[in-house]
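Chemist: This is the structure I want to talk about, given as structure tokens.
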Amino acid sequence: MKKSYFLISLMLMSVFAFPQWTWQNPLPQGNNLKSIFFTDINTGYVVGDCGTILKTDDGGANWITLSCGTTNNFTSVYFTSALTGYVVGDYGTILKTIDGGTSWNELPNAAVDRLYQVYFTNADTGYVTGYHETILKTNNGGASWAFSLNGSPSVITSVNFTDTDTGYVVEGNGKILKTTDGGLSWAALSSGITNWLQYVYFTNADTGYAVGINGTILKTNDGGANWTAIPSGTISFLRSVYFTDINTGFIVGNDGTILTTINGGSSWTALSSGTTNDLFSVCFTDANNGYAVGKFGTILKTLDGGINWNVLSPGVTKWLTSVYFSNTSNGYAVGDSGTILKTTNGGTNWSDFSGTTSDCLNSVFFTDLTNGYAVGESGTILKTINGVNWTVLQSNTTKYLNSVYFADTNTGYAVGDEGTIIKTINGGTNWDTLSSSTTNELCAIYCSDDNICYTAGYFGTILKTIDGGLSWTTLLSGTTNDLFSIYFSDTNTGYITGSWGTILRTEDGGTNWINASLGTTEDLNSVCFINVDTGYVVGGDGICLITKNGGISWDASQSGTSNSLSSVFFTESYSGYMVGVGGTIKKLDSGVINVEEYSSLKSTFSIYPNPAGNQITISQNRKLREETIIRIFNINGDQVLLNKYQYLYLVKLDVSSFTKGFYIVKIMTKEGIECKKLVIN
């Protein structure tokens, strides 16, 4: 029995020790997907950026994320059997599975740059292409790899074989190479073009296709001796080809392009894909069932041979610029083309309330549970009084507005282009233009109270007012980099982030700013603090930084995406949200935490009985006057209960609906966090 409890304790610690950012939009995830491969009509694999590997066992109805041990970007997947498969990607990465993706092992090889495509002619013999005119070959199922070709600065993007010995590769400079001896030697073919070629595909020994930039389609009928350019009817970058028989084929590319032919490529017709996202890969399991994957996690499926395509990756993929939560459950994200999304359950589901405007919205702020504002291009200001319906307010400006902040229910500010600062003292009914003394674009505003506000913008601009905006003083930032975001963790301690990895910190209300930059060159677009010590910064290329010592030092935190991140926000329950391009919404639930690290309270709470049946009692040795939050999580890290109390001394909770098992009870007060283990039997 002691051994069982010890193992459970270890399991709980492993579950709660490593909080991760999880996808909320789009689903199942929003990283770019580069390649798709099906081993049978139901079982398929998709790979993409940030180490993404997805698997379906039911023809795409559901997808699970497979763990592979790396965050490198993947470019291609290929299976030689139901269980044995390969994935390649950046930094010479080659992974292999022999158990259908349950586990992956990295295979040693001499490549160090990006690898583009993997292709096997049989269970043992395979080829991988990549940068520096790389062609790798294995004769032993990936146990060892040797260069079949290497050295030129050009990129070999794709490989395809018609039999064990005869194969073709295409290059970014328009070259087409052919081997007739299993890769021992490669001969250049005349393609007739110098455009970038992305993919090569042969339907038989003689007939093949190569596609690439500017709608390029080439066809050969004589094993590559001659290539003919076929009109595609598009200038989109074409990225992948698949034929279901010698006559019927499909090409996918940028801007949601899908082309089809029913006459062996003599002519191509555009199909409606239902998306404008770039598509990177296409495959079919039979004449009717096909799939295409692409940018921002896009997964499409057809059941009728390409006539109609259905989206298997639900969610908005427009650029999201700002996120704000009015309480632990109700949150909003705004963005491109007037996008407004809302959640009422902590991000589990997001509803689309767009339509009030088509202007890009750059910032959203709520003064209470239902009253909120959003600002954007052309002086757009929207207001809601119920969190659902939005009305357009008169801003008296046509300048691009980047940020909005309300110091109280009635007093608010918005800033934007050419030093624009506008203010309302009646909840947005009227807005007055304030003199900012700068023509530099202002990107962010933050107010400590009705009178003290800070705004920052281009060329290192920082302004401060102590009289409600009547006058603004220029503060010395010590940088000429553009500044994008401001956050104060207390009256004197504040942070500003910006371009080229800029992080500024003040301890005296902005009089002096300390450069706390880390050396990264990515734009840092948003900063938010949970408390005086713990804060997060997000930015370009999915960068996420965390500090636990009030910004003195910053560490990288895995965001799980390379999508550019625009905004980060934490609720009072310490749940965090980040949003960005491609409709990215990710959540960090601090309920999934290290129990020991975050138990900052002495053991002042008691839970009994424990183990429990239908009811538990939580008591404290003194009556707390401030708000106390109680959250309970199951062993998977899912929150199963959230309650708030004032004047907590003793509370009884009904747990009769809980399934038998182990739980973590997290009790949060102003003095800290206490976590306790609970057993339901």
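Naming scheme: A, B, ... for chains in displayed order of the structure tokens; residues 1 onward per chain; ligands 1 onward as shown.
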Name the residues of segment 498-558 of chain A that come out as helix (DSSP H, G or I) in a backbone DSSP run; write them as a list in words.
Modeler: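 So, restricting segment 498-558 of chain A to helix (DSSP H, G or I), we get Ser499, Trp500, Gly501, Gly540, Asp541 and Gly542 of chain A.
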Chemist: Name the residues of segment 453-611 of chain A that fall into strand (DSSP E or B) according to DSSP on the backbone, using the chain letters and numbers of this document, as a PDB file with C-alpha atoms, in the first residue's frame.
Modeler:
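For reference, part_25.pdb as written:
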```
ATOM      1  CA  CYS A 453      -0.607  57.307 -16.885  1.00  0.00           C
ATOM      2  CA  TYR A 454       2.247  56.151 -19.102  1.00  0.00           C
ATOM      3  CA  THR A 455       2.360  55.783 -22.866  1.00  0.00           C
ATOM      4  CA  ALA A 456       5.135  54.406 -25.073  1.00  0.00           C
ATOM      5  CA  GLY A 457       5.801  54.118 -28.772  1.00  0.00           C
ATOM      6  CA  ILE A 462       7.940  57.176 -23.176  1.00  0.00           C
ATOM      7  CA  LEU A 463       5.555  59.833 -21.870  1.00  0.00           C
ATOM      8  CA  LYS A 464       4.055  60.272 -18.396  1.00  0.00           C
ATOM      9  CA  THR A 465       1.203  62.374 -17.044  1.00  0.00           C
ATOM     10  CA  THR A 473       6.469  64.676 -19.665  1.00  0.00           C
ATOM     11  CA  THR A 474       8.991  62.902 -21.852  1.00  0.00           C
ATOM     12  CA  LEU A 475      10.916  60.231 -19.942  1.00  0.00           C
ATOM     13  CA  LEU A 483       8.198  50.234 -27.695  1.00  0.00           C
ATOM     14  CA  PHE A 484       5.007  48.183 -27.810  1.00  0.00           C
ATOM     15  CA  SER A 485       3.695  47.308 -24.334  1.00  0.00           C
ATOM     16  CA  ILE A 486       3.598  48.644 -20.754  1.00  0.00           C
ATOM     17  CA  TYR A 487       2.748  46.988 -17.441  1.00  0.00           C
ATOM     18  CA  PHE A 488       3.185  48.152 -13.842  1.00  0.00           C
ATOM     19  CA  GLY A 494       6.965  48.994 -14.328  1.00  0.00           C
ATOM     20  CA  TYR A 495       8.039  47.229 -17.499  1.00  0.00           C
ATOM     21  CA  ILE A 496       8.089  48.142 -21.184  1.00  0.00           C
ATOM     22  CA  THR A 497       8.848  45.792 -24.071  1.00  0.00           C
ATOM     23  CA  GLY A 498       9.617  46.510 -27.696  1.00  0.00           C
ATOM     24  CA  ILE A 503      12.837  44.991 -22.059  1.00  0.00           C
ATOM     25  CA  LEU A 504      12.937  48.112 -19.874  1.00  0.00           C
ATOM     26  CA  ARG A 505      12.339  48.185 -16.117  1.00  0.00           C
ATOM     27  CA  THR A 506      11.724  51.061 -13.700  1.00  0.00           C
ATOM     28  CA  ILE A 514      16.998  49.913 -16.699  1.00  0.00           C
ATOM     29  CA  ASN A 515      17.688  47.919 -19.842  1.00  0.00           C
ATOM     30  CA  LEU A 524       8.631  41.590 -27.738  1.00  0.00           C
ATOM     31  CA  ASN A 525       5.013  42.635 -28.168  1.00  0.00           C
ATOM     32  CA  SER A 526       3.361  42.253 -24.770  1.00  0.00           C
ATOM     33  CA  VAL A 527       4.194  42.064 -21.062  1.00  0.00           C
ATOM     34  CA  CYS A 528       2.020  41.041 -18.109  1.00  0.00           C
ATOM     35  CA  PHE A 529       2.785  40.276 -14.460  1.00  0.00           C
ATOM     36  CA  GLY A 535       5.802  38.042 -15.208  1.00  0.00           C
ATOM     37  CA  TYR A 536       5.604  36.935 -18.828  1.00  0.00           C
ATOM     38  CA  VAL A 537       6.647  38.494 -22.136  1.00  0.00           C
ATOM     39  CA  VAL A 538       5.584  37.248 -25.578  1.00  0.00           C
ATOM     40  CA  GLY A 539       6.601  38.232 -29.080  1.00  0.00           C
ATOM     41  CA  CYS A 544       7.772  33.508 -24.493  1.00  0.00           C
ATOM     42  CA  LEU A 545       9.869  34.685 -21.553  1.00  0.00           C
ATOM     43  CA  ILE A 546       9.260  34.356 -17.814  1.00  0.00           C
ATOM     44  CA  THR A 547      10.739  36.090 -14.793  1.00  0.00           C
ATOM     45  CA  ASP A 555      14.202  32.688 -18.880  1.00  0.00           C
ATOM     46  CA  ALA A 556      12.764  31.167 -22.037  1.00  0.00           C
ATOM     47  CA  LEU A 565       2.407  36.362 -30.398  1.00  0.00           C
ATOM     48  CA  SER A 566       0.741  39.745 -29.911  1.00  0.00           C
ATOM     49  CA  SER A 567      -0.662  39.801 -26.388  1.00  0.00           C
ATOM     50  CA  VAL A 568      -0.475  38.005 -23.032  1.00  0.00           C
ATOM     51  CA  PHE A 569      -2.884  38.339 -20.097  1.00  0.00           C
ATOM     52  CA  PHE A 570      -3.273  36.669 -16.698  1.00  0.00           C
ATOM     53  CA  SER A 575      -4.567  31.487 -15.579  1.00  0.00           C
ATOM     54  CA  GLY A 576      -2.664  32.939 -18.523  1.00  0.00           C
ATOM     55  CA  TYR A 577      -3.656  33.488 -22.145  1.00  0.00           C
ATOM     56  CA  MET A 578      -1.632  34.426 -25.216  1.00  0.00           C
ATOM     57  CA  VAL A 579      -2.932  35.348 -28.667  1.00  0.00           C
ATOM     58  CA  GLY A 580      -1.310  35.998 -32.021  1.00  0.00           C
ATOM     59  CA  ILE A 585      -5.052  31.326 -28.535  1.00  0.00           C
ATOM     60  CA  LYS A 586      -3.117  29.357 -25.938  1.00  0.00           C
ATOM     61  CA  LYS A 587      -3.770  28.971 -22.219  1.00  0.00           C
ATOM     62  CA  LEU A 588      -1.478  28.369 -19.270  1.00  0.00           C
ATOM     63  CA  ASP A 589      -3.457  27.103 -16.290  1.00  0.00           C
ATOM     64  CA  PHE A 605      -5.758  25.076   5.967  1.00  0.00           C
ATOM     65  CA  SER A 606      -7.110  21.651   6.798  1.00  0.00           C
ATOM     66  CA  ILE A 607      -9.152  19.290   4.632  1.00  0.00           C
ATOM     67  CA  TYR A 608     -11.194  16.475   6.174  1.00  0.00           C
TER      68      TYR A 608
END
```
Chemist: Might you pull out every residue within 9 Å of Asp508 of chain A, with only C-alpha atoms counted and same-chain residues fewer than 6 positions away left off, and present them as an MDAnalysis selection string?
Modeler: chainID A and resid 491:494
Chemist: Hey, what's within 7 Å of Gly468 of chain A if we count only C-alpha atoms and toss same-chain stuff fewer than 2 positions away? As a list in words, please?
Modeler: Asp450, Asn451, Ile452, Thr465, Ile466 and Leu470 of chain A
Chemist: Can you tell me which residues surround segment 95-110 of chain A at a distance of at most 8 Å, considering only C-alpha atoms, apart from same-chain residues fewer than 2 positions away, and format the answer as number ranges by chain?
Modeler: A: 55, 66-69, 82-88, 92-93, 112, 142-146
